[in-house]
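Novice: Sharing data.pdb below, PDB, C-alpha atoms, pLDDT in the B column:
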ATOM      1  CA  MET N  25      24.926  34.818  21.856  1.00 55.00           C
ATOM      2  CA  LEU N  26      28.447  35.446  23.019  1.00 61.00           C
ATOM      3  CA  ARG N  27      29.435  34.567  26.548  1.00 67.00           C
ATOM      4  CA  GLN N  28      30.892  37.350  28.626  1.00 65.00           C
ATOM      5  CA  LEU N  29      34.405  36.642  29.772  1.00 69.00           C
ATOM      6  CA  ASN N  30      34.601  39.348  32.400  1.00 75.00           C
ATOM      7  CA  MET N  31      33.480  37.115  35.290  1.00 79.00           C
ATOM      8  CA  ASP N  32      34.894  38.371  38.529  1.00 87.00           C
ATOM      9  CA  THR N  33      34.117  37.189  42.076  1.00 90.00           C
ATOM     10  CA  VAL N  34      31.292  39.692  42.511  1.00 90.00           C
ATOM     11  CA  ARG N  35      29.485  38.461  39.408  1.00 89.00           C
ATOM     12  CA  GLN N  36      30.146  34.815  40.332  1.00 90.00           C
ATOM     13  CA  ASN N  37      28.657  35.378  43.783  1.00 93.00           C
ATOM     14  CA  PHE N  38      25.639  37.110  42.218  1.00 93.00           C
ATOM     15  CA  TRP N  39      24.896  34.092  39.964  1.00 91.00           C
ATOM     16  CA  LYS N  40      25.488  31.699  42.830  1.00 94.00           C
ATOM     17  CA  GLU N  41      22.941  33.558  45.006  1.00 96.00           C
ATOM     18  CA  GLU N  42      20.427  33.674  42.113  1.00 95.00           C
ATOM     19  CA  TYR N  43      20.763  29.946  41.578  1.00 95.00           C
ATOM     20  CA  LEU N  44      20.318  29.163  45.279  1.00 96.00           C
ATOM     21  CA  ARG N  45      17.342  31.562  45.541  1.00 96.00           C
ATOM     22  CA  GLU N  46      15.563  29.875  42.593  1.00 96.00           C
ATOM     23  CA  LYS N  47      16.298  26.483  44.083  1.00 95.00           C
ATOM     24  CA  MET N  48      14.830  27.541  47.431  1.00 95.00           C
ATOM     25  CA  LEU N  49      11.745  28.984  45.680  1.00 95.00           C
ATOM     26  CA  ARG N  50      11.155  25.699  43.874  1.00 94.00           C
ATOM     27  CA  CYS N  51      11.547  23.700  47.074  1.00 94.00           C
ATOM     28  CA  GLU N  52       9.154  26.043  48.903  1.00 94.00           C
ATOM     29  CA  TRP N  53       6.596  25.834  46.100  1.00 93.00           C
ATOM     30  CA  HIS N  54       6.843  22.022  46.062  1.00 92.00           C
ATOM     31  CA  ARG N  55       6.423  21.873  49.849  1.00 93.00           C
ATOM     32  CA  LYS N  56       3.400  24.209  49.696  1.00 92.00           C
ATOM     33  CA  TYR N  57       1.569  22.961  46.553  1.00 92.00           C
ATOM     34  CA  GLY N  58       3.078  19.517  45.857  1.00 90.00           C
ATOM     35  CA  SER N  59       0.348  17.554  47.647  1.00 90.00           C
ATOM     36  CA  VAL N  60      -2.413  19.462  45.804  1.00 92.00           C
ATOM     37  CA  VAL N  61      -0.819  18.794  42.423  1.00 91.00           C
ATOM     38  CA  LYS N  62      -0.314  15.128  43.315  1.00 91.00           C
ATOM     39  CA  ALA N  63      -3.995  14.801  44.301  1.00 91.00           C
ATOM     40  CA  LYS N  64      -5.105  16.375  40.990  1.00 91.00           C
ATOM     41  CA  GLN N  65      -2.866  14.001  39.052  1.00 90.00           C
ATOM     42  CA  MET N  66      -4.306  11.015  40.898  1.00 89.00           C
ATOM     43  CA  ALA N  67      -7.870  12.213  40.198  1.00 89.00           C
ATOM     44  CA  LYS N  68      -7.113  12.581  36.484  1.00 88.00           C
ATOM     45  CA  ALA N  69      -5.514   9.136  36.389  1.00 86.00           C
ATOM     46  CA  ALA N  70      -8.570   7.628  38.107  1.00 83.00           C
ATOM     47  CA  ALA N  71     -10.864   9.350  35.603  1.00 82.00           C
ATOM     48  CA  ARG N  72      -8.902   7.827  32.716  1.00 81.00           C
ATOM     49  CA  LEU N  73      -9.365   4.273  34.013  1.00 77.00           C
ATOM     50  CA  PRO N  74     -12.145   2.394  32.230  1.00 76.00           C
ATOM     51  CA  LEU N  75     -15.365   1.780  34.063  1.00 71.00           C
ATOM     52  CA  GLN N  76     -15.326  -1.656  35.626  1.00 74.00           C
ATOM     53  CA  LEU N  77     -18.628  -3.449  35.687  1.00 74.00           C
ATOM     54  CA  PRO N  78     -19.346  -6.000  38.361  1.00 77.00           C
ATOM     55  CA  THR N  79     -18.933  -9.602  37.291  1.00 80.00           C
ATOM     56  CA  LEU N  80     -22.070 -11.679  37.068  1.00 76.00           C
ATOM     57  CA  HIS N  81     -21.797 -15.292  38.085  1.00 77.00           C
ATOM     58  CA  PRO N  82     -23.904 -17.712  36.045  1.00 75.00           C
ATOM     59  CA  LYS N  83     -26.849 -19.227  37.816  1.00 73.00           C
ATOM     60  CA  ALA N  84     -26.801 -22.969  38.246  1.00 67.00           C
ATOM     61  CA  PRO N  85     -29.200 -24.564  35.735  1.00 65.00           C
ATOM     62  CA  LEU N  86     -32.190 -26.353  37.105  1.00 64.00           C
ATOM     63  CA  SER N  87     -31.634 -30.073  37.130  1.00 66.00           C
ATOM     64  CA  PRO N  88     -34.056 -31.970  34.898  1.00 64.00           C
ATOM     65  CA  PRO N  89     -36.303 -34.563  36.486  1.00 62.00           C
ATOM     66  CA  PRO N  90     -34.756 -38.032  36.537  1.00 65.00           C
ATOM     67  CA  ALA N  91     -35.595 -40.031  33.435  1.00 64.00           C
ATOM     68  CA  PRO N  92     -36.995 -43.535  33.730  1.00 62.00           C
ATOM     69  CA  LYS N  93     -34.265 -46.137  33.578  1.00 67.00           C
ATOM     70  CA  VAL N  94     -34.034 -47.938  30.297  1.00 59.00           C
ATOM     71  CA  VAL N  95     -31.629 -50.707  29.627  1.00 56.00           C
ATOM     72  CA  PRO N  96     -29.199 -49.205  27.155  1.00 56.00           C
ATOM     73  CA  SER N  97     -28.432 -51.265  24.142  1.00 58.00           C
ATOM     74  CA  LYS N  98     -24.912 -51.422  22.909  1.00 60.00           C
ATOM     75  CA  ALA N  99     -23.354 -47.950  23.191  1.00 55.00           C
ATOM     76  CA  PRO N 100     -22.537 -46.525  19.790  1.00 56.00           C
ATOM     77  CA  SER N 101     -18.836 -46.139  19.245  1.00 57.00           C
ATOM     78  CA  PRO N 102     -17.692 -42.603  18.603  1.00 57.00           C
ATOM     79  CA  ALA N 103     -17.260 -41.786  14.940  1.00 55.00           C
ATOM     80  CA  PRO N 104     -13.637 -42.033  13.905  1.00 56.00           C
ATOM     81  CA  GLU N 105     -12.194 -38.593  13.339  1.00 58.00           C
ATOM     82  CA  ALA N 106     -11.056 -37.910   9.832  1.00 55.00           C
ATOM     83  CA  PRO N 107      -7.310 -37.398   9.734  1.00 61.00           C
ATOM     84  CA  PHE N 108      -6.264 -33.850   9.026  1.00 63.00           C
ATOM     85  CA  GLN N 109      -5.794 -33.538   5.310  1.00 73.00           C
ATOM     86  CA  SER N 110      -3.597 -30.787   4.052  1.00 80.00           C
ATOM     87  CA  GLU N 111      -4.477 -28.832   0.958  1.00 85.00           C
ATOM     88  CA  MET N 112      -0.910 -29.254  -0.273  1.00 88.00           C
ATOM     89  CA  TYR N 113       0.988 -32.252  -1.573  1.00 90.00           C
ATOM     90  CA  PRO N 114       3.831 -33.413   0.675  1.00 91.00           C
ATOM     91  CA  VAL N 115       7.193 -31.828  -0.052  1.00 92.00           C
ATOM     92  CA  LEU N 116       9.866 -33.940  -1.674  1.00 92.00           C
ATOM     93  CA  PRO N 117      12.587 -34.995   0.801  1.00 93.00           C
ATOM     94  CA  ALA N 118      15.306 -33.364  -1.302  1.00 93.00           C
ATOM     95  CA  THR N 119      13.446 -30.048  -1.224  1.00 92.00           C
ATOM     96  CA  ARG N 120      12.755 -30.346   2.507  1.00 92.00           C
ATOM     97  CA  ALA N 121      16.448 -30.970   3.128  1.00 93.00           C
ATOM     98  CA  LEU N 122      17.168 -27.481   1.778  1.00 92.00           C
ATOM     99  CA  LEU N 123      15.603 -26.048   4.951  1.00 90.00           C
ATOM    100  CA  TYR N 124      18.382 -27.428   7.106  1.00 91.00           C
ATOM    101  CA  GLU N 125      21.340 -26.441   4.944  1.00 90.00           C
ATOM    102  CA  GLY N 126      22.746 -23.051   5.967  1.00 89.00           C
ATOM    103  CA  ILE N 127      20.929 -19.868   6.938  1.00 88.00           C
ATOM    104  CA  SER N 128      18.753 -17.434   5.011  1.00 86.00           C
ATOM    105  CA  HIS N 129      21.266 -14.617   5.436  1.00 87.00           C
ATOM    106  CA  ASP N 130      23.645 -16.534   3.153  1.00 89.00           C
ATOM    107  CA  PHE N 131      20.839 -17.230   0.621  1.00 90.00           C
ATOM    108  CA  GLN N 132      20.544 -20.802   1.859  1.00 91.00           C
ATOM    109  CA  GLY N 133      18.196 -22.597   4.234  1.00 91.00           C
ATOM    110  CA  ARG N 134      14.666 -21.190   4.290  1.00 93.00           C
ATOM    111  CA  TYR N 135      15.463 -18.662   1.537  1.00 94.00           C
ATOM    112  CA  ARG N 136      16.576 -21.360  -0.897  1.00 94.00           C
ATOM    113  CA  TYR N 137      13.713 -23.681   0.102  1.00 94.00           C
ATOM    114  CA  LEU N 138      11.075 -21.014  -0.583  1.00 94.00           C
ATOM    115  CA  ASN N 139      12.640 -20.044  -3.903  1.00 94.00           C
ATOM    116  CA  THR N 140      12.712 -23.706  -4.951  1.00 93.00           C
ATOM    117  CA  ARG N 141       9.059 -24.167  -3.949  1.00 92.00           C
ATOM    118  CA  LYS N 142       8.141 -20.994  -5.816  1.00 90.00           C
ATOM    119  CA  LEU N 143       9.463 -22.477  -9.064  1.00 90.00           C
ATOM    120  CA  ASP N 144       7.009 -25.397  -8.887  1.00 88.00           C
ATOM    121  CA  MET N 145       3.707 -24.958 -10.677  1.00 84.00           C
ATOM    122  CA  PRO N 146       0.673 -24.545  -8.394  1.00 83.00           C
ATOM    123  CA  GLU N 147      -0.905 -27.810  -9.537  1.00 85.00           C
ATOM    124  CA  THR N 148       2.176 -29.731  -8.389  1.00 87.00           C
ATOM    125  CA  ARG N 149       2.048 -28.085  -4.965  1.00 88.00           C
ATOM    126  CA  TYR N 150      -1.692 -28.032  -4.198  1.00 87.00           C
ATOM    127  CA  LEU N 151      -4.336 -30.759  -4.410  1.00 86.00           C
ATOM    128  CA  PHE N 152      -6.991 -28.313  -5.631  1.00 84.00           C
ATOM    129  CA  PRO N 153      -7.311 -24.548  -6.146  1.00 84.00           C
ATOM    130  CA  VAL N 154      -7.574 -23.130  -2.626  1.00 84.00           C
ATOM    131  CA  THR N 155      -8.804 -19.675  -3.586  1.00 85.00           C
ATOM    132  CA  THR N 156     -10.618 -18.387  -6.639  1.00 83.00           C
ATOM    133  CA  ASN N 157      -7.468 -16.513  -7.662  1.00 81.00           C
ATOM    134  CA  PHE N 158      -5.753 -19.855  -8.134  1.00 80.00           C
ATOM    135  CA  THR N 159      -8.020 -20.596 -11.101  1.00 77.00           C
ATOM    136  CA  TYR N 160      -6.298 -17.905 -13.159  1.00 74.00           C
ATOM    137  CA  GLY N 161      -2.917 -19.604 -12.932  1.00 69.00           C
ATOM    138  CA  TRP N 162      -4.079 -23.211 -12.733  1.00 73.00           C
ATOM    139  CA  GLN N 163      -2.757 -25.483 -15.511  1.00 72.00           C
ATOM    140  CA  LEU N 164      -1.229 -22.721 -17.590  1.00 71.00           C
ATOM    141  CA  GLY N 165       1.855 -24.725 -18.362  1.00 68.00           C
ATOM    142  CA  PRO N 166       5.386 -23.405 -18.605  1.00 68.00           C
ATOM    143  CA  ALA N 167       5.876 -19.744 -19.389  1.00 68.00           C
ATOM    144  CA  VAL N 168       6.637 -19.033 -23.028  1.00 71.00           C
ATOM    145  CA  LYS N 169       8.946 -16.164 -23.821  1.00 73.00           C
ATOM    146  CA  GLN N 170       7.552 -14.064 -26.632  1.00 69.00           C
ATOM    147  CA  GLU N 171       9.911 -12.321 -28.951  1.00 69.00           C
ATOM    148  CA  LEU N 172       9.084  -8.839 -30.211  1.00 61.00           C
ATOM    149  CA  VAL N 173       8.679  -9.185 -33.940  1.00 63.00           C
ATOM    150  CA  SER N 174       8.018  -5.567 -34.767  1.00 67.00           C
ATOM    151  CA  CYS N 175      10.735  -3.133 -35.588  1.00 76.00           C
ATOM    152  CA  LYS N 176      11.807  -0.390 -33.213  1.00 76.00           C
ATOM    153  CA  MET N 177      10.372   2.441 -35.302  1.00 75.00           C
ATOM    154  CA  CYS N 178       6.960   0.748 -35.440  1.00 74.00           C
ATOM    155  CA  ARG N 179       6.822   0.676 -31.641  1.00 73.00           C
ATOM    156  CA  ILE N 180       7.968   4.298 -31.356  1.00 73.00           C
ATOM    157  CA  GLU N 181       5.404   5.518 -33.875  1.00 71.00           C
ATOM    158  CA  SER N 182       2.548   3.666 -32.216  1.00 70.00           C
ATOM    159  CA  PHE N 183       3.532   4.707 -28.663  1.00 70.00           C
ATOM    160  CA  PHE N 184       4.218   8.446 -28.925  1.00 68.00           C
ATOM    161  CA  ARG N 185       1.754  11.154 -29.909  1.00 62.00           C
ATOM    162  CA  LYS N 186       2.202  12.497 -33.360  1.00 64.00           C
ATOM    163  CA  ASN N 187       0.927  16.025 -32.594  1.00 63.00           C
ATOM    164  CA  GLY N 188       3.180  16.767 -29.603  1.00 61.00           C
ATOM    165  CA  ALA N 189       2.418  16.870 -25.897  1.00 59.00           C
ATOM    166  CA  PHE N 190       0.231  19.972 -25.835  1.00 57.00           C
ATOM    167  CA  ALA N 191      -1.603  19.517 -29.121  1.00 58.00           C
ATOM    168  CA  LEU N 192      -5.362  19.289 -29.099  1.00 63.00           C
ATOM    169  CA  LEU N 193      -6.522  15.739 -28.827  1.00 62.00           C
ATOM    170  CA  ASP N 194      -8.546  14.122 -31.538  1.00 63.00           C
ATOM    171  CA  PRO N 195     -12.154  13.645 -30.314  1.00 63.00           C
ATOM    172  CA  ARG N 196     -11.955   9.997 -31.338  1.00 67.00           C
ATOM    173  CA  ASP N 197      -9.092   9.498 -28.816  1.00 62.00           C
ATOM    174  CA  LEU N 198     -11.084  10.779 -25.823  1.00 60.00           C
ATOM    175  CA  ALA N 199     -12.995   8.289 -23.707  1.00 58.00           C
ATOM    176  CA  LEU N 200     -16.413   9.379 -22.525  1.00 52.00           C
TER     177      LEU N 200
END
Just dump the structure as structure tokens.
Specialist:
Amino acid sequence: MLRQLNMDTVRQNFWKEEYLREKMLRCEWHRKYGSVVKAKQMAKAAARLPLQLPTLHPKAPLSPPPAPKVVPSKAPSPAPEAPFQSEMYPVLPATRALLYEGISHDFQGRYRYLNTRKLDMPETRYLFPVTTNFTYGWQLGPAVKQELVSCKMCRIESFFRKNGAFALLDPRDLAL
């Protein structure tokens, strides 16, 4: 929409009066209906609040009747608590020192420490398989790289369909 450039004082005064009239109408409406709208908003806000149930204070338990006094023999000493045993072996000091060298943003610090720990086999990091998924990788040994012995054409012939993409499939190739 193109703006009209023929603005003279008459047209400017017209728009000025329109603007002031709308402003006065809004102020009048707010003065007349503002409190009603505010009350409705407060009622809706109160309805949205969750229902609060009264708190119940626990009753004091009945005290048991006093027991006859018996001379206690030597009080048993509390059982010594077992020290917290981790499921992982302690980290070598050289590997732990990687944590404090540099920052992860520069591929040092925590980043380098985690990558170094990742290279260790699970049985050198953990005392026992923690989850059942650990049993699949437990004591596999180092990874062995397998070389492809077959020729390129053998792989191509065994991978691609011989009849084309839209050819009818052999019934022996369909799974039921």
Novice: When you count all atoms listed in the file, which of these residues is closest to Arg134 of chain N: N:Ala121, N:Leu80, N:Pro146, N:Thr155?
Specialist: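 Checking each of N:Ala121, N:Leu80, N:Pro146, N:Thr155 against Arg134 of chain N, counting all atoms listed in the file, the winner is N:Ala121.
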Novice: What would the selection look like, as number ranges by chain, if the PyMOL selection byres ((chain N and resi 113-118) around 10) were run on the coordinates I just shared?
Specialist: N: 109-112, 119-123, 137, 141, 147-152
Novice: To one decimal place, how far is atom CA of Val168 of chain N from atom CA of Asn139 of chain N in Å?
Specialist: 20.1 Å
Novice: What does the distance from atom CA of Asn157 of chain N to atom CA of Asp144 of chain N come to in Å, to one decimal?
Specialist: 17.0 Å
Novice: How far is it from atom CA of Arg50 of chain N to atom CA of Val34 of chain N, in Å with one decimal?
Specialist: 24.6 Å
